[in-house]
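Colleague: The following file, upload24.csv, comprises CSV, N, CA and C atoms:
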```csv
chain,number,residue,atom,x,y,z
Y,13,THR,N,78.9,-52.4,-53.4
Y,13,THR,CA,77.9,-51.5,-53.1
Y,13,THR,C,78.0,-51.2,-51.6
Y,14,ASN,N,77.4,-50.1,-51.2
Y,14,ASN,CA,77.4,-49.8,-49.8
Y,14,ASN,C,76.1,-50.2,-49.2
Y,15,ALA,N,76.1,-50.3,-47.8
Y,15,ALA,CA,74.9,-50.8,-47.1
Y,15,ALA,C,73.7,-50.0,-47.4
Y,16,ALA,N,73.8,-48.7,-47.6
Y,16,ALA,CA,72.6,-47.9,-47.9
Y,16,ALA,C,72.0,-48.3,-49.2
Y,17,GLU,N,72.8,-48.5,-50.2
Y,17,GLU,CA,72.2,-48.9,-51.5
Y,17,GLU,C,71.5,-50.3,-51.4
Y,18,GLY,N,72.1,-51.2,-50.6
Y,18,GLY,CA,71.5,-52.5,-50.4
Y,18,GLY,C,70.2,-52.4,-49.7
Y,19,ALA,N,70.1,-51.6,-48.7
Y,19,ALA,CA,68.9,-51.4,-47.9
Y,19,ALA,C,67.8,-50.8,-48.8
Y,20,LYS,N,68.2,-49.8,-49.6
Y,20,LYS,CA,67.2,-49.2,-50.6
Y,20,LYS,C,66.7,-50.2,-51.5
Y,21,GLY,N,67.5,-51.1,-52.0
Y,21,GLY,CA,67.1,-52.1,-52.9
Y,21,GLY,C,66.1,-53.0,-52.3
Y,22,LEU,N,66.4,-53.4,-51.0
Y,22,LEU,CA,65.5,-54.3,-50.3
Y,22,LEU,C,64.1,-53.6,-50.0
Y,23,LEU,N,64.1,-52.3,-49.7
Y,23,LEU,CA,62.9,-51.6,-49.4
Y,23,LEU,C,62.0,-51.5,-50.7
Y,24,LYS,N,62.7,-51.5,-51.9
Y,24,LYS,CA,61.9,-51.4,-53.1
Y,24,LYS,C,61.2,-52.7,-53.5
Y,25,SER,N,61.8,-53.8,-53.0
Y,25,SER,CA,61.3,-55.1,-53.3
Y,25,SER,C,61.0,-55.8,-52.0
Y,26,SER,N,61.7,-56.8,-51.7
Y,26,SER,CA,61.6,-57.5,-50.4
Y,26,SER,C,62.7,-58.6,-50.2
Y,27,GLY,N,62.8,-59.1,-49.0
Y,27,GLY,CA,63.7,-60.1,-48.7
Y,27,GLY,C,63.3,-61.4,-49.5
Y,28,SER,N,62.0,-61.6,-49.6
Y,28,SER,CA,61.6,-62.8,-50.4
Y,28,SER,C,61.9,-62.7,-51.8
Y,29,ALA,N,61.9,-61.5,-52.4
Y,29,ALA,CA,62.2,-61.3,-53.8
Y,29,ALA,C,63.7,-61.6,-54.0
Y,30,ARG,N,64.6,-61.2,-53.1
Y,30,ARG,CA,66.0,-61.4,-53.2
Y,30,ARG,C,66.3,-62.9,-53.1
Y,31,ARG,N,65.6,-63.6,-52.2
Y,31,ARG,CA,65.7,-65.1,-52.1
Y,31,ARG,C,65.3,-65.8,-53.4
Y,32,LYS,N,64.3,-65.3,-54.0
Y,32,LYS,CA,63.8,-65.9,-55.3
Y,32,LYS,C,64.8,-65.7,-56.4
Y,33,VAL,N,65.5,-64.5,-56.4
Y,33,VAL,CA,66.5,-64.3,-57.4
Y,33,VAL,C,67.7,-65.3,-57.2
Y,34,VAL,N,68.1,-65.5,-56.0
Y,34,VAL,CA,69.2,-66.4,-55.7
Y,34,VAL,C,68.8,-67.8,-56.1
Y,35,GLU,N,67.6,-68.2,-55.8
Y,35,GLU,CA,67.1,-69.6,-56.1
Y,35,GLU,C,67.2,-69.7,-57.7
Y,36,GLU,N,66.6,-68.8,-58.4
Y,36,GLU,CA,66.6,-68.9,-59.9
Y,36,GLU,C,68.0,-68.8,-60.5
Y,37,THR,N,68.9,-68.0,-59.9
Y,37,THR,CA,70.2,-67.9,-60.5
Y,37,THR,C,71.0,-69.1,-60.2
Y,38,THR,N,70.9,-69.7,-59.0
Y,38,THR,CA,71.6,-70.9,-58.6
Y,38,THR,C,71.1,-72.1,-59.5
Y,39,ALA,N,69.8,-72.1,-59.8
Y,39,ALA,CA,69.3,-73.2,-60.6
Y,39,ALA,C,69.9,-73.1,-62.0
Y,40,GLU,N,70.3,-71.9,-62.5
Y,40,GLU,CA,70.9,-71.8,-63.8
Y,40,GLU,C,72.2,-72.6,-63.9
Y,41,VAL,N,72.9,-72.8,-62.8
Y,41,VAL,CA,74.1,-73.6,-62.9
Y,41,VAL,C,73.9,-75.0,-62.4
Y,42,GLY,N,72.6,-75.4,-62.3
Y,42,GLY,CA,72.3,-76.7,-61.8
Y,42,GLY,C,72.4,-76.9,-60.3
Y,43,GLY,N,72.3,-75.8,-59.6
Y,43,GLY,CA,72.4,-75.8,-58.1
Y,43,GLY,C,71.1,-75.6,-57.4
Y,44,LYS,N,71.1,-75.7,-56.1
Y,44,LYS,CA,69.9,-75.5,-55.3
Y,44,LYS,C,70.2,-74.6,-54.1
Y,45,LEU,N,69.4,-73.7,-53.8
Y,45,LEU,CA,69.5,-72.9,-52.6
Y,45,LEU,C,69.1,-73.7,-51.4
Y,46,GLU,N,70.1,-73.9,-50.4
Y,46,GLU,CA,69.8,-74.6,-49.2
Y,46,GLU,C,69.3,-73.7,-48.1
Y,47,ALA,N,69.9,-72.5,-47.9
Y,47,ALA,CA,69.5,-71.6,-46.8
Y,47,ALA,C,69.8,-70.2,-47.2
Y,48,PHE,N,69.0,-69.3,-46.8
Y,48,PHE,CA,69.2,-67.8,-47.0
Y,48,PHE,C,68.8,-67.1,-45.8
Y,49,TYR,N,69.8,-66.4,-45.2
Y,49,TYR,CA,69.5,-65.6,-44.0
Y,49,TYR,C,70.1,-64.2,-44.2
Y,50,PHE,N,69.4,-63.2,-43.7
Y,50,PHE,CA,69.9,-61.9,-43.5
Y,50,PHE,C,70.6,-61.9,-42.2
Y,51,ALA,N,71.6,-61.0,-42.0
Y,51,ALA,CA,72.4,-61.0,-40.8
Y,51,ALA,C,72.9,-59.6,-40.4
Y,52,PHE,N,73.2,-59.5,-39.1
Y,52,PHE,CA,73.8,-58.3,-38.6
Y,52,PHE,C,75.3,-58.5,-38.6
Y,53,GLY,N,76.1,-57.5,-38.7
Y,53,GLY,CA,77.5,-57.6,-38.6
Y,53,GLY,C,78.3,-57.5,-39.9
Y,54,GLU,N,79.4,-58.2,-40.0
Y,54,GLU,CA,80.3,-58.1,-41.1
Y,54,GLU,C,79.6,-58.5,-42.4
Y,55,ARG,N,78.7,-59.4,-42.4
Y,55,ARG,CA,78.0,-59.9,-43.6
Y,55,ARG,C,76.5,-59.5,-43.5
Y,56,ASP,N,76.0,-59.0,-44.6
Y,56,ASP,CA,74.5,-58.7,-44.6
Y,56,ASP,C,73.6,-59.9,-44.9
Y,57,ALA,N,74.2,-60.9,-45.5
Y,57,ALA,CA,73.5,-62.1,-45.8
Y,57,ALA,C,74.4,-63.3,-45.8
Y,58,ILE,N,73.8,-64.4,-45.4
Y,58,ILE,CA,74.5,-65.7,-45.4
Y,58,ILE,C,73.7,-66.6,-46.3
Y,59,ILE,N,74.3,-67.1,-47.3
Y,59,ILE,CA,73.5,-67.9,-48.3
Y,59,ILE,C,74.3,-69.2,-48.5
Y,60,ILE,N,73.6,-70.4,-48.3
Y,60,ILE,CA,74.2,-71.7,-48.5
Y,60,ILE,C,73.5,-72.3,-49.7
Y,61,ILE,N,74.4,-72.6,-50.7
Y,61,ILE,CA,73.9,-73.2,-51.9
Y,61,ILE,C,74.6,-74.6,-52.2
Y,62,ASP,N,74.0,-75.4,-52.9
Y,62,ASP,CA,74.6,-76.7,-53.3
Y,62,ASP,C,74.7,-76.7,-54.8
Y,63,VAL,N,75.9,-76.7,-55.3
Y,63,VAL,CA,76.1,-76.6,-56.8
Y,63,VAL,C,76.9,-77.9,-57.2
Y,64,PRO,N,76.8,-78.3,-58.4
Y,64,PRO,CA,77.4,-79.5,-58.9
Y,64,PRO,C,78.9,-79.6,-59.0
Y,65,SER,N,79.6,-78.4,-59.0
Y,65,SER,CA,81.0,-78.4,-59.2
Y,65,SER,C,81.6,-77.0,-58.7
Y,66,ASN,N,82.9,-77.0,-58.5
Y,66,ASN,CA,83.6,-75.7,-58.3
Y,66,ASN,C,83.5,-74.8,-59.4
Y,67,ALA,N,83.4,-75.3,-60.7
Y,67,ALA,CA,83.3,-74.5,-61.8
Y,67,ALA,C,81.9,-73.8,-61.8
Y,68,ALA,N,80.9,-74.5,-61.4
Y,68,ALA,CA,79.6,-73.9,-61.3
Y,68,ALA,C,79.5,-72.8,-60.3
Y,69,ALA,N,80.2,-73.1,-59.1
Y,69,ALA,CA,80.3,-72.0,-58.1
Y,69,ALA,C,81.0,-70.8,-58.6
Y,70,ALA,N,82.1,-71.0,-59.3
Y,70,ALA,CA,82.9,-69.9,-59.9
Y,70,ALA,C,82.1,-69.1,-60.9
Y,71,ALA,N,81.3,-69.8,-61.7
Y,71,ALA,CA,80.5,-69.1,-62.7
Y,71,ALA,C,79.4,-68.3,-62.0
Y,72,LEU,N,78.8,-68.8,-61.0
Y,72,LEU,CA,77.8,-68.1,-60.3
Y,72,LEU,C,78.4,-66.9,-59.6
Y,73,SER,N,79.5,-67.1,-58.9
Y,73,SER,CA,80.2,-66.0,-58.2
Y,73,SER,C,80.6,-64.9,-59.2
Y,74,MET,N,81.2,-65.2,-60.4
Y,74,MET,CA,81.6,-64.2,-61.3
Y,74,MET,C,80.4,-63.4,-61.8
Y,75,ALA,N,79.3,-64.1,-62.1
Y,75,ALA,CA,78.1,-63.4,-62.6
Y,75,ALA,C,77.6,-62.4,-61.6
Y,76,VAL,N,77.5,-62.8,-60.4
Y,76,VAL,CA,77.0,-61.9,-59.3
Y,76,VAL,C,78.0,-60.8,-59.1
Y,77,ASN,N,79.2,-61.1,-58.9
Y,77,ASN,CA,80.2,-60.0,-58.6
Y,77,ASN,C,80.4,-59.1,-59.8
Y,78,ALA,N,80.2,-59.5,-61.0
Y,78,ALA,CA,80.4,-58.7,-62.2
Y,78,ALA,C,79.4,-57.5,-62.2
Y,79,THR,N,78.3,-57.7,-61.6
Y,79,THR,CA,77.3,-56.6,-61.6
Y,79,THR,C,77.7,-55.4,-60.8
Y,80,GLY,N,78.7,-55.6,-59.8
Y,80,GLY,CA,79.1,-54.6,-59.0
Y,80,GLY,C,78.1,-54.2,-57.9
Y,81,ALA,N,77.0,-54.9,-57.9
Y,81,ALA,CA,75.9,-54.6,-56.9
Y,81,ALA,C,76.3,-55.1,-55.5
Y,82,LEU,N,77.2,-56.0,-55.4
Y,82,LEU,CA,77.5,-56.5,-54.1
Y,82,LEU,C,78.9,-57.2,-54.1
Y,83,ARG,N,79.4,-57.4,-52.9
Y,83,ARG,CA,80.7,-58.2,-52.8
Y,83,ARG,C,80.3,-59.5,-52.1
Y,84,SER,N,80.9,-60.6,-52.6
Y,84,SER,CA,80.6,-61.9,-52.0
Y,84,SER,C,81.9,-62.6,-51.6
Y,85,LYS,N,81.8,-63.5,-50.7
Y,85,LYS,CA,82.9,-64.4,-50.3
Y,85,LYS,C,82.4,-65.8,-50.4
Y,86,THR,N,83.0,-66.6,-51.2
Y,86,THR,CA,82.6,-68.0,-51.3
Y,86,THR,C,83.5,-68.9,-50.4
Y,87,THR,N,82.8,-69.7,-49.6
Y,87,THR,CA,83.5,-70.6,-48.7
Y,87,THR,C,83.1,-72.0,-49.0
Y,88,PRO,N,83.9,-72.8,-49.7
Y,88,PRO,CA,83.5,-74.2,-49.9
Y,88,PRO,C,83.3,-75.0,-48.6
Y,89,LEU,N,82.3,-75.7,-48.5
Y,89,LEU,CA,82.0,-76.6,-47.3
Y,89,LEU,C,82.3,-78.0,-47.7
Y,90,LEU,N,82.9,-78.7,-46.8
Y,90,LEU,CA,83.2,-80.2,-47.0
Y,90,LEU,C,82.3,-81.0,-46.2
Y,91,THR,N,81.8,-82.1,-46.8
Y,91,THR,CA,81.0,-83.1,-46.0
Y,91,THR,C,81.9,-83.9,-45.1
Y,92,VAL,N,81.3,-84.5,-44.2
Y,92,VAL,CA,82.1,-85.5,-43.3
Y,92,VAL,C,82.7,-86.6,-44.1
Y,93,GLU,N,82.0,-87.0,-45.1
Y,93,GLU,CA,82.6,-88.1,-46.0
Y,93,GLU,C,83.8,-87.6,-46.8
Y,94,GLU,N,83.7,-86.4,-47.2
Y,94,GLU,CA,84.9,-85.8,-47.9
Y,94,GLU,C,86.1,-85.7,-47.0
Y,95,ILE,N,85.9,-85.4,-45.8
Y,95,ILE,CA,87.0,-85.3,-44.8
Y,95,ILE,C,87.5,-86.7,-44.6
Y,96,ASP,N,86.7,-87.7,-44.4
Y,96,ASP,CA,87.1,-89.1,-44.3
Y,96,ASP,C,87.9,-89.6,-45.4
Y,97,THR,N,87.5,-89.2,-46.7
Y,97,THR,CA,88.3,-89.5,-47.8
Y,97,THR,C,89.7,-88.9,-47.8
Y,98,ALA,N,89.7,-87.6,-47.4
Y,98,ALA,CA,91.0,-86.9,-47.3
Y,98,ALA,C,91.9,-87.5,-46.2
Y,99,ILE,N,91.3,-88.0,-45.1
Y,99,ILE,CA,92.1,-88.6,-44.1
Y,99,ILE,C,92.8,-89.9,-44.6
Y,100,ASN,N,92.0,-90.6,-45.4
Y,100,ASN,CA,92.5,-91.9,-46.0
Y,100,ASN,C,93.5,-91.7,-47.1
Y,101,ASP,N,93.6,-90.5,-47.7
Y,101,ASP,CA,94.5,-90.2,-48.8
Y,101,ASP,C,95.8,-89.7,-48.1
Y,102,ARG,N,96.6,-90.5,-47.6
Y,102,ARG,CA,97.8,-90.1,-46.9
Y,102,ARG,C,98.8,-89.5,-47.8
Y,103,ILE,N,99.2,-88.3,-47.5
Y,103,ILE,CA,100.2,-87.6,-48.2
Y,103,ILE,C,101.5,-87.5,-47.4
Y,104,VAL,N,102.6,-87.8,-48.1
Y,104,VAL,CA,103.9,-87.7,-47.4
Y,104,VAL,C,104.5,-86.3,-47.8
Y,105,TYR,N,104.7,-85.5,-46.8
Y,105,TYR,CA,105.2,-84.2,-47.1
Y,105,TYR,C,106.4,-83.9,-46.1
Y,106,LYS,N,107.5,-83.4,-46.7
Y,106,LYS,CA,108.6,-83.1,-45.9
Y,106,LYS,C,108.8,-81.5,-45.9
Y,107,ALA,N,108.8,-81.0,-44.7
Y,107,ALA,CA,109.0,-79.6,-44.6
Y,107,ALA,C,110.4,-79.2,-45.0
Y,108,PRO,N,110.6,-77.9,-45.5
Y,108,PRO,CA,111.9,-77.5,-45.9
Y,108,PRO,C,112.9,-77.7,-44.8
Y,109,GLY,N,114.1,-78.2,-45.1
Y,109,GLY,CA,115.1,-78.4,-44.2
Y,109,GLY,C,115.1,-79.8,-43.5
Y,110,GLU,N,114.1,-80.6,-43.8
Y,110,GLU,CA,114.0,-82.0,-43.2
Y,110,GLU,C,114.8,-82.9,-44.0
```
Could you write out this file's structure as structure tokens?
Modeller:
Amino acid sequence: TNAAEGAKGLLKSSGSARRKVVEETTAEVGGKLEAFYFAFGERDAIIIIDVPSNAAAAALSMAVNATGALRSKTTPLLTVEEIDTAINDRIVYKAPGE
């Protein structure tokens, strides 16, 4: 969608209404809305959700994007503990030519 269509949609309802839709939709996949912000710049909104799996995140993303009403970008966030686990899972990798 373009920015004008998004602004028209917000003017018809409200920012709070959009947040409620995100909360309800996220709950459908067993998730929880952590934060919802509108923004200036490249992204019109920044939404942080906690979902039980990558599959749940993919299902949510596909449902939202299939409407054609917006474009989204999903960025998985890792906890400090997940990074610590990754650090301890030593992988031996040889670059090509080594």
Colleague: Any idea what the distance is between CA of Gly27 in chain Y and CA of Tyr49 in chain Y?
Modeller: 9.3 Å
Colleague: One decimal, Å: what's the distance from atom C of Leu22 in chain Y over to atom C of Leu45 in chain Y, could you say?
Modeller: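 One can read the atom C of Leu22 in chain Y to atom C of Leu45 in chain Y distance as 20.8 Å.
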Colleague: Could you pull out all residues of range 30-89 of chain Y with a DSSP call of helix (DSSP H, G or I) and give them as a PDB file with N, CA and C atoms, in the frame of the given file?
Modeller:
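Once written, out-v3.pdb looks like this:
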```
ATOM      1  N   ARG Y  30      64.600 -61.200 -53.100  1.00  0.00           N
ATOM      2  CA  ARG Y  30      66.000 -61.400 -53.200  1.00  0.00           C
ATOM      3  C   ARG Y  30      66.300 -62.900 -53.100  1.00  0.00           C
ATOM      4  N   ARG Y  31      65.600 -63.600 -52.200  1.00  0.00           N
ATOM      5  CA  ARG Y  31      65.700 -65.100 -52.100  1.00  0.00           C
ATOM      6  C   ARG Y  31      65.300 -65.800 -53.400  1.00  0.00           C
ATOM      7  N   LYS Y  32      64.300 -65.300 -54.000  1.00  0.00           N
ATOM      8  CA  LYS Y  32      63.800 -65.900 -55.300  1.00  0.00           C
ATOM      9  C   LYS Y  32      64.800 -65.700 -56.400  1.00  0.00           C
ATOM     10  N   VAL Y  33      65.500 -64.500 -56.400  1.00  0.00           N
ATOM     11  CA  VAL Y  33      66.500 -64.300 -57.400  1.00  0.00           C
ATOM     12  C   VAL Y  33      67.700 -65.300 -57.200  1.00  0.00           C
ATOM     13  N   VAL Y  34      68.100 -65.500 -56.000  1.00  0.00           N
ATOM     14  CA  VAL Y  34      69.200 -66.400 -55.700  1.00  0.00           C
ATOM     15  C   VAL Y  34      68.800 -67.800 -56.100  1.00  0.00           C
ATOM     16  N   GLU Y  35      67.600 -68.200 -55.800  1.00  0.00           N
ATOM     17  CA  GLU Y  35      67.100 -69.600 -56.100  1.00  0.00           C
ATOM     18  C   GLU Y  35      67.200 -69.700 -57.700  1.00  0.00           C
ATOM     19  N   GLU Y  36      66.600 -68.800 -58.400  1.00  0.00           N
ATOM     20  CA  GLU Y  36      66.600 -68.900 -59.900  1.00  0.00           C
ATOM     21  C   GLU Y  36      68.000 -68.800 -60.500  1.00  0.00           C
ATOM     22  N   THR Y  37      68.900 -68.000 -59.900  1.00  0.00           N
ATOM     23  CA  THR Y  37      70.200 -67.900 -60.500  1.00  0.00           C
ATOM     24  C   THR Y  37      71.000 -69.100 -60.200  1.00  0.00           C
ATOM     25  N   THR Y  38      70.900 -69.700 -59.000  1.00  0.00           N
ATOM     26  CA  THR Y  38      71.600 -70.900 -58.600  1.00  0.00           C
ATOM     27  C   THR Y  38      71.100 -72.100 -59.500  1.00  0.00           C
ATOM     28  N   ALA Y  39      69.800 -72.100 -59.800  1.00  0.00           N
ATOM     29  CA  ALA Y  39      69.300 -73.200 -60.600  1.00  0.00           C
ATOM     30  C   ALA Y  39      69.900 -73.100 -62.000  1.00  0.00           C
ATOM     31  N   GLU Y  40      70.300 -71.900 -62.500  1.00  0.00           N
ATOM     32  CA  GLU Y  40      70.900 -71.800 -63.800  1.00  0.00           C
ATOM     33  C   GLU Y  40      72.200 -72.600 -63.900  1.00  0.00           C
ATOM     34  N   ASN Y  66      82.900 -77.000 -58.500  1.00  0.00           N
ATOM     35  CA  ASN Y  66      83.600 -75.700 -58.300  1.00  0.00           C
ATOM     36  C   ASN Y  66      83.500 -74.800 -59.400  1.00  0.00           C
ATOM     37  N   ALA Y  67      83.400 -75.300 -60.700  1.00  0.00           N
ATOM     38  CA  ALA Y  67      83.300 -74.500 -61.800  1.00  0.00           C
ATOM     39  C   ALA Y  67      81.900 -73.800 -61.800  1.00  0.00           C
ATOM     40  N   ALA Y  68      80.900 -74.500 -61.400  1.00  0.00           N
ATOM     41  CA  ALA Y  68      79.600 -73.900 -61.300  1.00  0.00           C
ATOM     42  C   ALA Y  68      79.500 -72.800 -60.300  1.00  0.00           C
ATOM     43  N   ALA Y  69      80.200 -73.100 -59.100  1.00  0.00           N
ATOM     44  CA  ALA Y  69      80.300 -72.000 -58.100  1.00  0.00           C
ATOM     45  C   ALA Y  69      81.000 -70.800 -58.600  1.00  0.00           C
ATOM     46  N   ALA Y  70      82.100 -71.000 -59.300  1.00  0.00           N
ATOM     47  CA  ALA Y  70      82.900 -69.900 -59.900  1.00  0.00           C
ATOM     48  C   ALA Y  70      82.100 -69.100 -60.900  1.00  0.00           C
ATOM     49  N   ALA Y  71      81.300 -69.800 -61.700  1.00  0.00           N
ATOM     50  CA  ALA Y  71      80.500 -69.100 -62.700  1.00  0.00           C
ATOM     51  C   ALA Y  71      79.400 -68.300 -62.000  1.00  0.00           C
ATOM     52  N   LEU Y  72      78.800 -68.800 -61.000  1.00  0.00           N
ATOM     53  CA  LEU Y  72      77.800 -68.100 -60.300  1.00  0.00           C
ATOM     54  C   LEU Y  72      78.400 -66.900 -59.600  1.00  0.00           C
ATOM     55  N   SER Y  73      79.500 -67.100 -58.900  1.00  0.00           N
ATOM     56  CA  SER Y  73      80.200 -66.000 -58.200  1.00  0.00           C
ATOM     57  C   SER Y  73      80.600 -64.900 -59.200  1.00  0.00           C
ATOM     58  N   MET Y  74      81.200 -65.200 -60.400  1.00  0.00           N
ATOM     59  CA  MET Y  74      81.600 -64.200 -61.300  1.00  0.00           C
ATOM     60  C   MET Y  74      80.400 -63.400 -61.800  1.00  0.00           C
ATOM     61  N   ALA Y  75      79.300 -64.100 -62.100  1.00  0.00           N
ATOM     62  CA  ALA Y  75      78.100 -63.400 -62.600  1.00  0.00           C
ATOM     63  C   ALA Y  75      77.600 -62.400 -61.600  1.00  0.00           C
ATOM     64  N   VAL Y  76      77.500 -62.800 -60.400  1.00  0.00           N
ATOM     65  CA  VAL Y  76      77.000 -61.900 -59.300  1.00  0.00           C
ATOM     66  C   VAL Y  76      78.000 -60.800 -59.100  1.00  0.00           C
ATOM     67  N   ASN Y  77      79.200 -61.100 -58.900  1.00  0.00           N
ATOM     68  CA  ASN Y  77      80.200 -60.000 -58.600  1.00  0.00           C
ATOM     69  C   ASN Y  77      80.400 -59.100 -59.800  1.00  0.00           C
ATOM     70  N   ALA Y  78      80.200 -59.500 -61.000  1.00  0.00           N
ATOM     71  CA  ALA Y  78      80.400 -58.700 -62.200  1.00  0.00           C
ATOM     72  C   ALA Y  78      79.400 -57.500 -62.200  1.00  0.00           C
TER      73      ALA Y  78
END
```
Colleague: Which of these, Y:Glu54, Y:Ala98, Y:Glu46, Y:Thr87, has the shortest distance to Asn66 in chain Y once you count only C-alpha atoms?
Modeller: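 Of Y:Glu54, Y:Ala98, Y:Glu46, Y:Thr87, the one nearest Asn66 in chain Y, counting only C-alpha atoms, is Y:Thr87.
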Colleague: Might you pull out every residue within 10 Å of range 76-79 of chain Y, with only C-alpha atoms counted and same-chain residues fewer than 4 positions away left off, and present them as a list in words?
Modeller: Thr13, Val34, Thr37, Ala70, Ala71, Leu72, Arg83, Ser84 and Lys85 of chain Y
Colleague: My list of candidates is Y:Leu82, Y:Lys32, Y:Glu40, Y:Lys20. Which is closest to Arg55 in chain Y when distances are computed with only C-alpha atoms?
Modeller: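 Of Y:Leu82, Y:Lys32, Y:Glu40, Y:Lys20, the one nearest Arg55 in chain Y is Y:Leu82, counting only C-alpha atoms.
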Colleague: Just the residues within 5 Å of Ile58 in chain Y, please, counting all atoms listed in the file, with nothing from its chain fewer than 2 positions along; format it as number ranges by chain.
Modeller: Y: 48-50, 56, 60
Colleague: Limited to N, CA and C atoms, could you put the picked residues into a file as a short mmCIF file (atom, residue, chain, number, x, y, z; two decimals), in the frame of the given file?
Modeller:
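As a result, out33.cif now contains:
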```cif
data_model
loop_
_atom_site.label_atom_id
_atom_site.label_comp_id
_atom_site.auth_asym_id
_atom_site.auth_seq_id
_atom_site.Cartn_x
_atom_site.Cartn_y
_atom_site.Cartn_z
N PHE Y 48 69.00 -69.30 -46.80
CA PHE Y 48 69.20 -67.80 -47.00
C PHE Y 48 68.80 -67.10 -45.80
N TYR Y 49 69.80 -66.40 -45.20
CA TYR Y 49 69.50 -65.60 -44.00
C TYR Y 49 70.10 -64.20 -44.20
N PHE Y 50 69.40 -63.20 -43.70
CA PHE Y 50 69.90 -61.90 -43.50
C PHE Y 50 70.60 -61.90 -42.20
N ASP Y 56 76.00 -59.00 -44.60
CA ASP Y 56 74.50 -58.70 -44.60
C ASP Y 56 73.60 -59.90 -44.90
N ILE Y 60 73.60 -70.40 -48.30
CA ILE Y 60 74.20 -71.70 -48.50
C ILE Y 60 73.50 -72.30 -49.70
#
```
Colleague: How many Å separate atom N of Val92 in chain Y from atom C of Ala39 in chain Y?
Modeller: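 Going from atom N of Val92 in chain Y over to atom C of Ala39 in chain Y covers 24.0 Å.
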Colleague: Just the strand (DSSP E or B) stuff from chain Y, please, per backbone DSSP, written as a list in words.
Modeller: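 DSSP on the backbone gives strand (DSSP E or B) at Lys44, Leu45, Glu46, Ala47, Phe48, Tyr49, Phe50, Ala57, Ile58, Ile59, Ile60, Ile61 and Asp62 of chain Y.
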Colleague: Find the residue from Y:Ile99, Y:Val63, Y:Val104, Y:Thr91 that sits nearest to Lys44 in chain Y; use all atoms listed in the file when measuring.
Modeller: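 For Lys44 in chain Y, the nearest of the given residues is Y:Val63.
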Colleague: Can you work out which one of Y:Val41, Y:Ala107, Y:Lys24, Y:Phe52 has the shortest atom-to-atom distance to Ala69 in chain Y, counting only N, CA and C atoms?
Modeller: Y:Val41
Colleague: Can you sort out the box for range 105-109 of chain Y, edges along x, y and z, all listed atoms in, 8 Å on every side, with centre and edge lengths in Å to one decimal, as JSON?
Modeller:
```
{"center_x": 109.9, "center_y": -81.5, "center_z": -45.3, "size_x": 26.4, "size_y": 24.0, "size_z": 19.6}
```
Colleague: Is it possible to add N, CA, C and O atoms to range 33-43 of chain Y and hand it back as a PDB file, in the coordinates of the input?
Modeller:
```
ATOM      1  N   VAL Y  33      65.500 -64.500 -56.400  1.00  0.00           N
ATOM      2  CA  VAL Y  33      66.500 -64.300 -57.400  1.00  0.00           C
ATOM      3  C   VAL Y  33      67.700 -65.300 -57.200  1.00  0.00           C
ATOM      4  O   VAL Y  33      68.195 -65.826 -58.163  1.00  0.00           O
ATOM      5  N   VAL Y  34      68.100 -65.500 -56.000  1.00  0.00           N
ATOM      6  CA  VAL Y  34      69.200 -66.400 -55.700  1.00  0.00           C
ATOM      7  C   VAL Y  34      68.800 -67.800 -56.100  1.00  0.00           C
ATOM      8  O   VAL Y  34      69.584 -68.531 -56.642  1.00  0.00           O
ATOM      9  N   GLU Y  35      67.600 -68.200 -55.800  1.00  0.00           N
ATOM     10  CA  GLU Y  35      67.100 -69.600 -56.100  1.00  0.00           C
ATOM     11  C   GLU Y  35      67.200 -69.700 -57.700  1.00  0.00           C
ATOM     12  O   GLU Y  35      67.677 -70.748 -58.145  1.00  0.00           O
ATOM     13  N   GLU Y  36      66.600 -68.800 -58.400  1.00  0.00           N
ATOM     14  CA  GLU Y  36      66.600 -68.900 -59.900  1.00  0.00           C
ATOM     15  C   GLU Y  36      68.000 -68.800 -60.500  1.00  0.00           C
ATOM     16  O   GLU Y  36      68.326 -69.624 -61.362  1.00  0.00           O
ATOM     17  N   THR Y  37      68.900 -68.000 -59.900  1.00  0.00           N
ATOM     18  CA  THR Y  37      70.200 -67.900 -60.500  1.00  0.00           C
ATOM     19  C   THR Y  37      71.000 -69.100 -60.200  1.00  0.00           C
ATOM     20  O   THR Y  37      71.781 -69.627 -61.011  1.00  0.00           O
ATOM     21  N   THR Y  38      70.900 -69.700 -59.000  1.00  0.00           N
ATOM     22  CA  THR Y  38      71.600 -70.900 -58.600  1.00  0.00           C
ATOM     23  C   THR Y  38      71.100 -72.100 -59.500  1.00  0.00           C
ATOM     24  O   THR Y  38      71.899 -72.899 -59.869  1.00  0.00           O
ATOM     25  N   ALA Y  39      69.800 -72.100 -59.800  1.00  0.00           N
ATOM     26  CA  ALA Y  39      69.300 -73.200 -60.600  1.00  0.00           C
ATOM     27  C   ALA Y  39      69.900 -73.100 -62.000  1.00  0.00           C
ATOM     28  O   ALA Y  39      70.035 -74.166 -62.666  1.00  0.00           O
ATOM     29  N   GLU Y  40      70.300 -71.900 -62.500  1.00  0.00           N
ATOM     30  CA  GLU Y  40      70.900 -71.800 -63.800  1.00  0.00           C
ATOM     31  C   GLU Y  40      72.200 -72.600 -63.900  1.00  0.00           C
ATOM     32  O   GLU Y  40      72.521 -72.970 -65.056  1.00  0.00           O
ATOM     33  N   VAL Y  41      72.900 -72.800 -62.800  1.00  0.00           N
ATOM     34  CA  VAL Y  41      74.100 -73.600 -62.900  1.00  0.00           C
ATOM     35  C   VAL Y  41      73.900 -75.000 -62.400  1.00  0.00           C
ATOM     36  O   VAL Y  41      74.850 -75.695 -62.079  1.00  0.00           O
ATOM     37  N   GLY Y  42      72.600 -75.400 -62.300  1.00  0.00           N
ATOM     38  CA  GLY Y  42      72.300 -76.700 -61.800  1.00  0.00           C
ATOM     39  C   GLY Y  42      72.400 -76.900 -60.300  1.00  0.00           C
ATOM     40  O   GLY Y  42      72.468 -78.015 -59.799  1.00  0.00           O
ATOM     41  N   GLY Y  43      72.300 -75.800 -59.600  1.00  0.00           N
ATOM     42  CA  GLY Y  43      72.400 -75.800 -58.100  1.00  0.00           C
ATOM     43  C   GLY Y  43      71.100 -75.600 -57.400  1.00  0.00           C
ATOM     44  O   GLY Y  43      70.020 -75.444 -58.079  1.00  0.00           O
TER      45      GLY Y  43
END
```
